[in-house]
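Shown next: coords.txt, given as compact mmCIF, C-alpha atoms.
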```txt
# COMPACT_ATOMS: atom_id res chain seq x y z
CA MET E 71 14.64 -43.46 -73.61
CA ILE E 72 14.34 -42.73 -69.87
CA PHE E 73 15.14 -46.32 -68.96
CA ASP E 74 18.01 -46.29 -71.44
CA LEU E 75 19.47 -43.20 -69.74
CA PHE E 76 19.09 -44.86 -66.34
CA LYS E 77 20.85 -47.99 -67.61
CA THR E 78 23.70 -46.00 -69.14
CA PHE E 79 24.33 -44.02 -65.95
CA PHE E 80 23.96 -47.13 -63.80
CA LYS E 81 26.78 -48.68 -65.85
CA ILE E 82 28.81 -45.48 -65.50
CA GLY E 83 28.19 -45.39 -61.74
CA ALA E 84 29.14 -49.03 -61.31
CA PHE E 85 32.55 -48.78 -62.96
CA THR E 86 34.01 -45.50 -61.85
CA PHE E 87 36.55 -46.11 -59.16
CA GLY E 88 38.73 -43.45 -57.64
CA GLY E 89 36.17 -40.69 -57.20
CA GLY E 90 33.97 -38.64 -59.45
CA TYR E 91 36.54 -37.49 -62.01
CA ALA E 92 36.95 -41.05 -63.23
CA MET E 93 33.28 -40.91 -64.23
CA LEU E 94 33.79 -38.14 -66.76
CA PRO E 95 35.76 -40.15 -69.38
CA ILE E 96 33.16 -42.92 -69.21
CA ILE E 97 30.24 -40.50 -69.60
CA GLN E 98 32.10 -38.96 -72.55
CA LYS E 99 32.70 -42.35 -74.20
CA GLU E 100 29.08 -43.50 -73.74
CA LEU E 101 27.12 -40.35 -74.56
CA VAL E 102 29.39 -38.33 -76.86
CA ASP E 103 31.32 -41.02 -78.80
CA ASN E 104 29.08 -44.08 -78.81
CA LYS E 105 25.48 -42.87 -78.58
CA LYS E 106 26.11 -39.34 -79.92
CA ILE E 107 23.28 -38.02 -77.73
CA ILE E 108 25.17 -34.86 -76.83
CA SER E 109 28.05 -33.03 -78.53
CA ASN E 110 31.55 -32.57 -77.17
CA ILE E 111 30.86 -28.85 -76.62
CA GLU E 112 27.67 -29.53 -74.66
CA PHE E 113 29.51 -32.09 -72.58
CA MET E 114 32.20 -29.54 -71.72
CA ASN E 115 29.52 -26.97 -70.85
CA ALA E 116 27.98 -29.54 -68.49
CA ILE E 117 31.32 -30.17 -66.76
CA ALA E 118 31.98 -26.44 -66.45
CA LEU E 119 28.63 -25.88 -64.72
CA ALA E 120 29.12 -29.00 -62.59
CA GLN E 121 32.50 -27.69 -61.47
CA ALA E 122 31.18 -24.28 -60.57
CA SER E 123 28.26 -25.69 -58.55
CA PRO E 124 28.38 -27.27 -55.11
CA GLY E 125 28.37 -31.04 -54.74
CA PRO E 126 30.11 -33.99 -56.43
CA VAL E 127 31.11 -33.17 -60.02
CA ALA E 128 29.91 -36.51 -61.41
CA VAL E 129 26.50 -36.11 -59.74
CA ASN E 130 26.13 -32.55 -61.05
CA THR E 131 27.20 -33.60 -64.54
CA SER E 132 24.71 -36.47 -64.62
CA ILE E 133 21.86 -34.16 -63.51
CA TYR E 134 22.70 -31.56 -66.15
CA VAL E 135 23.14 -34.09 -68.96
CA GLY E 136 19.81 -35.68 -67.96
CA TYR E 137 18.03 -32.31 -68.13
CA ARG E 138 19.64 -31.61 -71.48
CA ILE E 139 18.50 -34.89 -73.02
CA CYS E 140 15.08 -35.48 -71.44
CA GLY E 141 14.11 -32.68 -69.04
CA LEU E 142 13.28 -33.29 -65.37
CA LYS E 143 12.57 -36.99 -65.88
CA GLY E 144 15.91 -37.39 -67.62
CA ALA E 145 17.71 -35.59 -64.80
CA LEU E 146 16.15 -37.87 -62.17
CA ALA E 147 16.89 -41.01 -64.23
CA CYS E 148 20.55 -40.06 -64.72
CA LEU E 149 21.02 -39.03 -61.10
CA LEU E 150 19.45 -42.22 -59.76
CA GLY E 151 21.43 -44.35 -62.20
CA ALA E 152 24.70 -42.66 -61.28
CA ILE E 153 24.37 -43.00 -57.50
CA LEU E 154 22.49 -46.29 -57.10
CA PRO E 155 25.50 -48.61 -57.71
CA SER E 156 27.67 -46.88 -55.11
CA PHE E 157 24.76 -46.68 -52.65
CA LEU E 158 24.04 -50.43 -52.92
CA ILE E 159 27.69 -51.48 -52.84
CA ILE E 160 28.54 -49.33 -49.80
CA LEU E 161 25.42 -50.53 -48.00
CA ILE E 162 26.43 -54.16 -48.56
CA ILE E 163 29.98 -53.45 -47.38
CA ALA E 164 28.76 -51.56 -44.31
CA MET E 165 26.41 -54.43 -43.44
CA PHE E 166 28.65 -57.45 -44.08
CA PHE E 167 32.21 -56.83 -45.23
CA PHE E 168 33.70 -53.99 -43.24
CA GLN E 169 36.02 -56.48 -41.49
CA TYR E 170 37.59 -57.58 -44.81
CA ARG E 171 38.81 -54.11 -45.66
CA SER E 172 42.51 -55.02 -45.75
CA ASN E 173 42.33 -58.11 -47.96
CA PRO E 174 45.65 -58.50 -49.93
CA LEU E 175 43.94 -59.64 -53.17
CA ILE E 176 41.75 -56.53 -53.19
CA GLU E 177 44.82 -54.40 -52.54
CA LYS E 178 46.54 -55.95 -55.63
CA ILE E 179 43.52 -55.29 -57.83
CA PHE E 180 43.61 -51.65 -56.76
CA MET E 181 47.32 -51.35 -57.41
CA GLY E 182 46.35 -52.04 -61.03
CA ILE E 183 43.21 -49.93 -61.16
CA ARG E 184 44.69 -46.74 -59.70
CA PRO E 185 47.10 -46.09 -62.61
CA ALA E 186 44.29 -46.98 -65.03
CA VAL E 187 42.19 -44.17 -63.58
CA VAL E 188 44.99 -41.68 -64.33
CA ALA E 189 45.15 -42.99 -67.92
CA LEU E 190 41.38 -42.60 -68.36
CA ILE E 191 41.35 -39.03 -67.09
CA LEU E 192 44.28 -38.06 -69.34
CA SER E 193 42.57 -39.67 -72.28
CA ALA E 194 39.48 -37.53 -71.63
CA VAL E 195 41.61 -34.38 -71.56
CA TYR E 196 43.23 -35.39 -74.85
CA SER E 197 39.97 -36.02 -76.69
CA MET E 198 38.34 -32.84 -75.33
CA TRP E 199 41.26 -30.83 -76.61
CA LYS E 200 41.32 -32.66 -79.96
CA ASN E 201 37.60 -32.09 -80.49
CA SER E 202 37.59 -28.39 -79.62
CA ARG E 203 38.48 -25.53 -81.93
CA LYS E 204 42.11 -25.10 -81.01
CA THR E 205 43.65 -21.66 -80.57
CA TYR E 206 46.80 -20.52 -78.76
CA ILE E 207 44.77 -18.38 -76.38
CA LYS E 208 42.66 -21.40 -75.35
CA LEU E 209 45.73 -23.55 -74.91
CA PHE E 210 47.23 -20.81 -72.76
CA ALA E 211 44.05 -20.63 -70.62
CA SER E 212 44.04 -24.41 -70.13
CA ILE E 213 47.69 -24.49 -69.09
CA VAL E 214 47.34 -21.51 -66.74
CA THR E 215 44.32 -23.22 -65.11
CA LEU E 216 46.25 -26.42 -64.60
CA LEU E 217 49.26 -24.64 -63.11
CA MET E 218 47.14 -22.49 -60.79
CA ILE E 219 45.39 -25.54 -59.37
CA VAL E 220 48.38 -27.85 -59.13
CA PHE E 221 50.93 -25.38 -57.77
CA LEU E 222 48.97 -22.55 -56.19
CA ASN E 223 45.95 -24.46 -54.87
CA VAL E 224 43.54 -21.91 -56.33
CA SER E 225 39.92 -22.99 -56.00
CA PRO E 226 38.41 -24.29 -59.28
CA VAL E 227 35.31 -22.19 -58.60
CA ILE E 228 37.32 -18.97 -58.77
CA ILE E 229 39.03 -19.99 -62.02
CA VAL E 230 35.72 -20.97 -63.65
CA ILE E 231 34.18 -17.62 -62.70
CA ALA E 232 37.30 -15.72 -63.82
CA GLY E 233 37.30 -17.54 -67.19
CA ALA E 234 33.66 -16.60 -67.72
CA LEU E 235 34.22 -12.94 -66.78
CA ILE E 236 37.33 -12.52 -68.94
CA SER E 237 35.52 -14.03 -71.91
CA VAL E 238 32.46 -11.77 -71.45
CA VAL E 239 34.61 -8.64 -71.19
CA TYR E 240 36.72 -9.70 -74.19
CA HIS E 241 33.74 -10.40 -76.44
CA ARG E 242 31.87 -7.34 -75.21
CA VAL E 243 34.78 -5.05 -76.14
CA LEU E 244 35.27 -6.84 -79.48
CA HIS E 245 31.55 -6.55 -80.18
CA GLU E 246 31.49 -2.82 -79.52
CA ASP E 247 34.52 -2.30 -81.75
CA MET E 248 32.74 -4.02 -84.57
CA GLU E 249 29.64 -1.90 -84.07
CA ASN E 250 31.72 1.29 -84.10
CA GLU E 251 33.13 0.34 -87.47
CA HIS E 252 29.67 0.18 -89.07
CA MET L 99 14.12 -39.14 -35.28
CA ASN L 100 16.46 -36.46 -34.00
CA ALA L 101 19.53 -38.40 -35.16
CA LEU L 102 17.99 -38.83 -38.61
CA PHE L 103 17.35 -35.12 -38.86
CA GLN L 104 20.92 -34.36 -37.75
CA LEU L 105 22.24 -36.71 -40.43
CA PHE L 106 20.17 -35.08 -43.10
CA ILE L 107 21.24 -31.56 -42.11
CA SER L 108 24.92 -32.50 -41.87
CA PHE L 109 25.07 -34.10 -45.29
CA PHE L 110 22.93 -31.40 -46.85
CA LYS L 111 25.53 -28.93 -45.59
CA ILE L 112 28.36 -31.07 -47.01
CA GLY L 113 26.59 -31.20 -50.37
CA ALA L 114 25.80 -27.50 -50.39
CA PHE L 115 29.15 -26.07 -49.37
CA SER L 116 31.76 -28.19 -51.06
CA PHE L 117 32.73 -26.94 -54.46
CA GLY L 118 35.02 -28.74 -56.84
CA GLY L 119 33.82 -32.20 -55.85
CA GLY L 120 35.84 -35.26 -54.92
CA TYR L 121 38.74 -34.67 -52.58
CA ALA L 122 37.78 -31.03 -52.11
CA MET L 123 34.83 -32.30 -50.05
CA LEU L 124 36.88 -34.24 -47.53
CA PRO L 125 37.76 -31.44 -45.07
CA LEU L 126 34.09 -30.55 -44.66
CA ILE L 127 33.02 -34.19 -44.21
CA GLU L 128 35.74 -34.61 -41.60
CA GLU L 129 34.61 -31.51 -39.72
CA GLU L 130 30.97 -32.64 -39.61
CA VAL L 131 31.24 -36.34 -38.83
CA ILE L 132 34.32 -36.46 -36.60
CA HIS L 133 34.57 -33.11 -34.84
CA THR L 134 31.04 -31.73 -34.66
CA HIS L 135 28.92 -34.86 -34.21
CA LYS L 136 31.56 -37.41 -33.16
CA TRP L 137 29.80 -40.15 -35.13
CA ILE L 138 33.12 -41.89 -35.84
CA THR L 139 36.80 -41.68 -34.86
CA SER L 140 39.60 -40.46 -37.15
CA ALA L 141 40.88 -44.05 -37.61
CA GLU L 142 37.46 -45.25 -38.72
CA TYR L 143 37.26 -42.28 -41.05
CA ILE L 144 40.50 -43.30 -42.82
CA ASP L 145 39.10 -46.83 -43.26
CA ILE L 146 35.92 -45.42 -44.75
CA LEU L 147 37.98 -43.33 -47.17
CA ALA L 148 39.92 -46.41 -48.25
CA ILE L 149 36.62 -48.19 -48.89
CA ALA L 150 35.22 -45.16 -50.70
CA GLU L 151 38.26 -45.25 -52.94
CA MET L 152 37.92 -48.94 -53.75
CA THR L 153 34.24 -48.80 -54.50
CA PRO L 154 32.73 -47.08 -57.50
CA GLY L 155 31.11 -43.68 -57.30
CA PRO L 156 31.78 -40.23 -55.88
CA ILE L 157 33.47 -40.17 -52.47
CA ALA L 158 30.84 -37.86 -50.97
CA ILE L 159 28.07 -40.34 -51.80
CA ASN L 160 30.09 -43.27 -50.50
CA SER L 161 30.80 -41.55 -47.18
CA ALA L 162 27.20 -40.43 -46.80
CA THR L 163 25.86 -43.94 -47.36
CA PHE L 164 28.40 -45.51 -45.02
CA LEU L 165 28.07 -42.96 -42.23
CA GLY L 166 24.29 -42.96 -42.50
CA TYR L 167 24.25 -46.72 -42.03
CA ARG L 168 26.54 -46.53 -39.01
CA VAL L 169 24.41 -43.90 -37.31
CA TYR L 170 20.87 -45.04 -38.15
CA GLY L 171 20.87 -48.26 -40.23
CA VAL L 172 19.44 -48.53 -43.74
CA LEU L 173 17.07 -45.61 -43.17
CA GLY L 174 20.04 -43.49 -42.06
CA SER L 175 22.01 -44.37 -45.19
CA MET L 176 19.09 -43.28 -47.37
CA VAL L 177 18.57 -40.03 -45.49
CA ALA L 178 22.29 -39.10 -45.54
CA THR L 179 22.64 -39.91 -49.26
CA LEU L 180 19.53 -37.90 -50.08
CA GLY L 181 20.90 -35.01 -48.01
CA VAL L 182 24.21 -34.92 -49.88
CA ILE L 183 22.68 -34.96 -53.39
CA LEU L 184 19.72 -32.65 -52.78
CA PRO L 185 21.74 -29.39 -53.02
CA SER L 186 23.25 -30.59 -56.32
CA PHE L 187 19.82 -31.32 -57.66
CA ILE L 188 18.36 -27.97 -56.62
CA VAL L 189 21.32 -25.93 -57.92
CA MET L 190 21.63 -27.78 -61.24
CA SER L 191 17.87 -27.46 -61.80
CA ILE L 192 17.99 -23.70 -61.26
CA ILE L 193 21.01 -23.39 -63.56
CA PHE L 194 19.41 -25.46 -66.31
CA ILE L 195 16.11 -23.59 -66.19
CA SER L 196 17.73 -20.15 -66.22
CA MET L 197 20.12 -21.16 -69.02
CA TYR L 198 17.19 -22.35 -71.05
CA ARG L 199 15.44 -19.05 -70.58
CA PHE L 200 18.47 -17.00 -71.66
CA LYS L 201 19.77 -19.39 -74.30
CA ASN L 202 19.59 -16.76 -77.05
CA SER L 203 21.58 -14.20 -75.10
CA PRO L 204 25.14 -13.77 -76.40
CA TYR L 205 26.31 -13.56 -72.79
CA VAL L 206 25.55 -17.25 -72.18
CA ASP L 207 27.60 -18.11 -75.24
CA TRP L 208 30.49 -15.89 -74.12
CA VAL L 209 30.45 -17.36 -70.62
CA PHE L 210 30.81 -20.86 -72.02
CA LYS L 211 33.49 -19.83 -74.48
CA GLY L 212 35.53 -18.61 -71.54
CA ILE L 213 34.88 -21.63 -69.37
CA ARG L 214 35.62 -24.45 -71.83
CA PRO L 215 39.43 -24.03 -71.89
CA VAL L 216 39.32 -23.81 -68.09
CA VAL L 217 37.56 -27.19 -67.95
CA ILE L 218 40.38 -28.84 -69.88
CA GLY L 219 42.86 -27.38 -67.38
CA LEU L 220 40.72 -28.49 -64.43
CA ILE L 221 40.55 -32.07 -65.58
CA GLY L 222 44.25 -32.01 -66.40
CA ALA L 223 44.88 -30.89 -62.82
CA ALA L 224 42.67 -33.75 -61.55
CA ALA L 225 44.86 -36.17 -63.52
CA VAL L 226 47.96 -34.68 -61.87
CA SER L 227 46.53 -34.94 -58.36
CA VAL L 228 45.25 -38.49 -58.86
CA GLY L 229 48.57 -39.37 -60.50
CA ARG L 230 50.55 -38.14 -57.51
CA THR L 231 48.96 -40.74 -55.23
CA SER L 232 48.36 -43.48 -57.81
CA LEU L 233 51.58 -43.70 -59.80
CA VAL L 234 53.85 -45.02 -57.05
CA ASP L 235 56.21 -47.24 -59.06
CA LEU L 236 57.41 -48.08 -62.58
CA LYS L 237 54.81 -50.83 -63.03
CA GLY L 238 52.03 -48.36 -62.33
CA ILE L 239 53.44 -45.83 -64.79
CA LEU L 240 53.65 -48.54 -67.48
CA ILE L 241 50.04 -49.57 -66.82
CA ALA L 242 48.96 -45.93 -67.14
CA ILE L 243 50.88 -45.30 -70.40
CA THR L 244 49.72 -48.54 -72.03
CA LEU L 245 46.07 -47.99 -71.15
CA PHE L 246 46.23 -44.34 -72.21
CA TYR L 247 47.44 -45.49 -75.64
CA PHE L 248 44.75 -48.14 -76.07
CA VAL L 249 41.85 -46.04 -74.75
CA THR L 250 42.83 -42.93 -76.71
CA PHE L 251 44.05 -44.31 -80.04
CA LYS L 252 42.65 -47.84 -80.24
CA LYS L 253 39.19 -47.01 -78.83
CA LEU L 254 39.42 -49.48 -75.96
CA ASN L 255 36.26 -49.18 -73.83
CA PRO L 256 37.10 -47.45 -70.48
CA ILE L 257 35.06 -49.95 -68.45
CA LEU L 258 36.97 -52.82 -70.05
CA ALA L 259 40.20 -50.91 -69.32
CA ILE L 260 39.30 -50.83 -65.59
CA VAL L 261 38.59 -54.57 -65.55
CA ILE L 262 41.84 -55.39 -67.41
CA SER L 263 43.88 -53.18 -65.07
CA GLY L 264 42.46 -55.01 -62.03
CA VAL L 265 43.58 -58.36 -63.50
CA VAL L 266 47.00 -56.89 -64.40
CA GLY L 267 47.27 -55.70 -60.78
CA ILE L 268 46.80 -59.27 -59.50
CA ILE L 269 49.45 -60.56 -61.92
CA LEU L 270 52.08 -57.84 -61.37
CA TYR L 271 51.84 -57.22 -57.61
```
Could you quickly redo this structure as structure tokens?
Amino acid sequence: MIFDLFKTFFKIGAFTFGGGYAMLPIIQKELVDNKKIISNIEFMNAIALAQASPGPVAVNTSIYVGYRICGLKGALACLLGAILPSFLIILIIAMFFFQYRSNPLIEKIFMGIRPAVVALILSAVYSMWKNSRKTYIKLFASIVTLLMIVFLNVSPVIIVIAGALISVVYHRVLHEDMENEH
Amino acid sequence: MNALFQLFISFFKIGAFSFGGGYAMLPLIEEEVIHTHKWITSAEYIDILAIAEMTPGPIAINSATFLGYRVYGVLGSMVATLGVILPSFIVMSIIFISMYRFKNSPYVDWVFKGIRPVVIGLIGAAAVSVGRTSLVDLKGILIAITLFYFVTFKKLNPILAIVISGVVGIILY
């Protein structure tokens, strides 16, 4: 199981170009859809915590998912698997290939890969939304979040904390109302 | 030894104080490695970013490994990478352990109920910001739409999608 987790995250780490966000759809596909080790809701919880914590989102997500599946050993296996491919590849480039950085063939490959990364991220958003219990208020919260980040440059940390606080206050008030009725 | 320690501290700081991941980390990395320690020049930094973008993995890890190697060889790359992930590991461990302890509290449930819709918005925003720099022409937009369709509705494996898009890039550009 531990080695399996390491292998899965090694594969995820080896194929996610364009920064950490590109890792999320692949983690989702492997662990939620294919292996069904964690649920969609748990996966979204992991991303939420990863977003609100310091450090790369993909690294945080892999640590949390590892803990969730197999405790401390799982967390270490997932973390190591996720970062080892990029560590090895960068080390090899730094040692031997830094001078080939503007090769035209590589540039062409990346002209193709960059749009693919956008498609993958959008696909993750779509399936998260499809698999959650949809309400207008949630849709509204998602859209407001997107607009605040894209147009107002609000820090994701603040929005995550605000979302949590609003939800706690909302449920707390609702809860007390229900108790008063009894 | 002193340089190694400096590397570790710098990247620990980068890991500990950059929220939101990815591109949100860049200003802090820039501050540490170019302005404070003068390990590299701005031009070299841009090259490293280009390489970080073309290689798999989070940008913070890629920069740490690369910079570490430049400053102190293989040992330096290990120390810098360890420095940048250690805060993540500590914080996520604390979060997981405390969540586990309070897992029956309704507050934990409420917190997550509030955060989940935010996550969808956050990742949507990431798609917009990546799209702004990645979708530069019609060919790129067509690649994105086609792959979105196949990955979402035809269950195309995302890793395979990356490989196919690289080949399509060679053919189209």
Exercise. Compute the chain L side of the contact with chain E at 6 Å, counting all atoms listed in the file, and hand it back as a PyMOL selection string.
Key: chain L and resi 113-120+151+153-157+186+208-209+212-213+215-220+223+225+229+232-233+238+242+246+250+260+263-264+266-268+271
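You will find atom CA of Phe79 of chain E at 15.1 Å from atom CA of Ile159 of chain L.
Residues lying at most 8 Å from (27.0, -37.6, -39.4) in file coordinates, with only C-alpha atoms considered, are Gln104, Leu105, Ser108, Phe109, Glu130, Val131, Ile132, His135, Lys136, Trp137, Ala162, Leu165, Gly166, Val169 and Ala178 of chain L.
What separates atom CA of Pro185 of chain L from atom CA of Phe110 of chain L is a distance of 6.6 Å.
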Exercise. Give me, please, the distance in Å between atom CA of Lys211 of chain L and atom CA of Gly136 of chain E, quoted to one decimal.
Key: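 For atom CA of Lys211 of chain L relative to atom CA of Gly136 of chain E, the distance reads 21.9 Å.
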Quiz item: Between E:Asn173, E:Asn104, E:Asn201, E:Thr78, which is the closest to Leu150 of chain E once you count only C-alpha atoms?
Solution: E:Thr78
For segment 219-233 of chain L, supply N, CA and C atoms and format the output as a CSV table (one decimal), keeping the file's coordinate frame.
```csv
chain,number,residue,atom,x,y,z
L,219,GLY,N,41.8,-27.5,-68.4
L,219,GLY,CA,42.9,-27.4,-67.4
L,219,GLY,C,42.5,-28.0,-66.1
L,220,LEU,N,41.2,-27.9,-65.7
L,220,LEU,CA,40.7,-28.5,-64.4
L,220,LEU,C,40.9,-30.0,-64.4
L,221,ILE,N,40.5,-30.6,-65.5
L,221,ILE,CA,40.6,-32.1,-65.6
L,221,ILE,C,42.0,-32.5,-65.7
L,222,GLY,N,42.8,-31.7,-66.4
L,222,GLY,CA,44.2,-32.0,-66.4
L,222,GLY,C,44.8,-32.0,-65.0
L,223,ALA,N,44.4,-31.0,-64.2
L,223,ALA,CA,44.9,-30.9,-62.8
L,223,ALA,C,44.4,-32.1,-62.0
L,224,ALA,N,43.2,-32.6,-62.3
L,224,ALA,CA,42.7,-33.8,-61.6
L,224,ALA,C,43.6,-34.9,-61.9
L,225,ALA,N,44.0,-35.1,-63.1
L,225,ALA,CA,44.9,-36.2,-63.5
L,225,ALA,C,46.2,-36.1,-62.8
L,226,VAL,N,46.7,-34.9,-62.6
L,226,VAL,CA,48.0,-34.7,-61.9
L,226,VAL,C,47.8,-35.1,-60.4
L,227,SER,N,46.7,-34.7,-59.8
L,227,SER,CA,46.5,-34.9,-58.4
L,227,SER,C,46.2,-36.4,-58.1
L,228,VAL,N,45.5,-37.1,-59.0
L,228,VAL,CA,45.2,-38.5,-58.9
L,228,VAL,C,46.6,-39.2,-59.1
L,229,GLY,N,47.3,-38.7,-60.1
L,229,GLY,CA,48.6,-39.4,-60.5
L,229,GLY,C,49.6,-39.4,-59.4
L,230,ARG,N,49.6,-38.3,-58.6
L,230,ARG,CA,50.6,-38.1,-57.5
L,230,ARG,C,50.4,-39.3,-56.5
L,231,THR,N,49.1,-39.7,-56.2
L,231,THR,CA,49.0,-40.7,-55.2
L,231,THR,C,48.9,-42.1,-55.9
L,232,SER,N,48.6,-42.2,-57.2
L,232,SER,CA,48.4,-43.5,-57.8
L,232,SER,C,49.6,-44.1,-58.5
L,233,LEU,N,50.4,-43.2,-59.1
L,233,LEU,CA,51.6,-43.7,-59.8
L,233,LEU,C,52.8,-43.8,-58.8
```
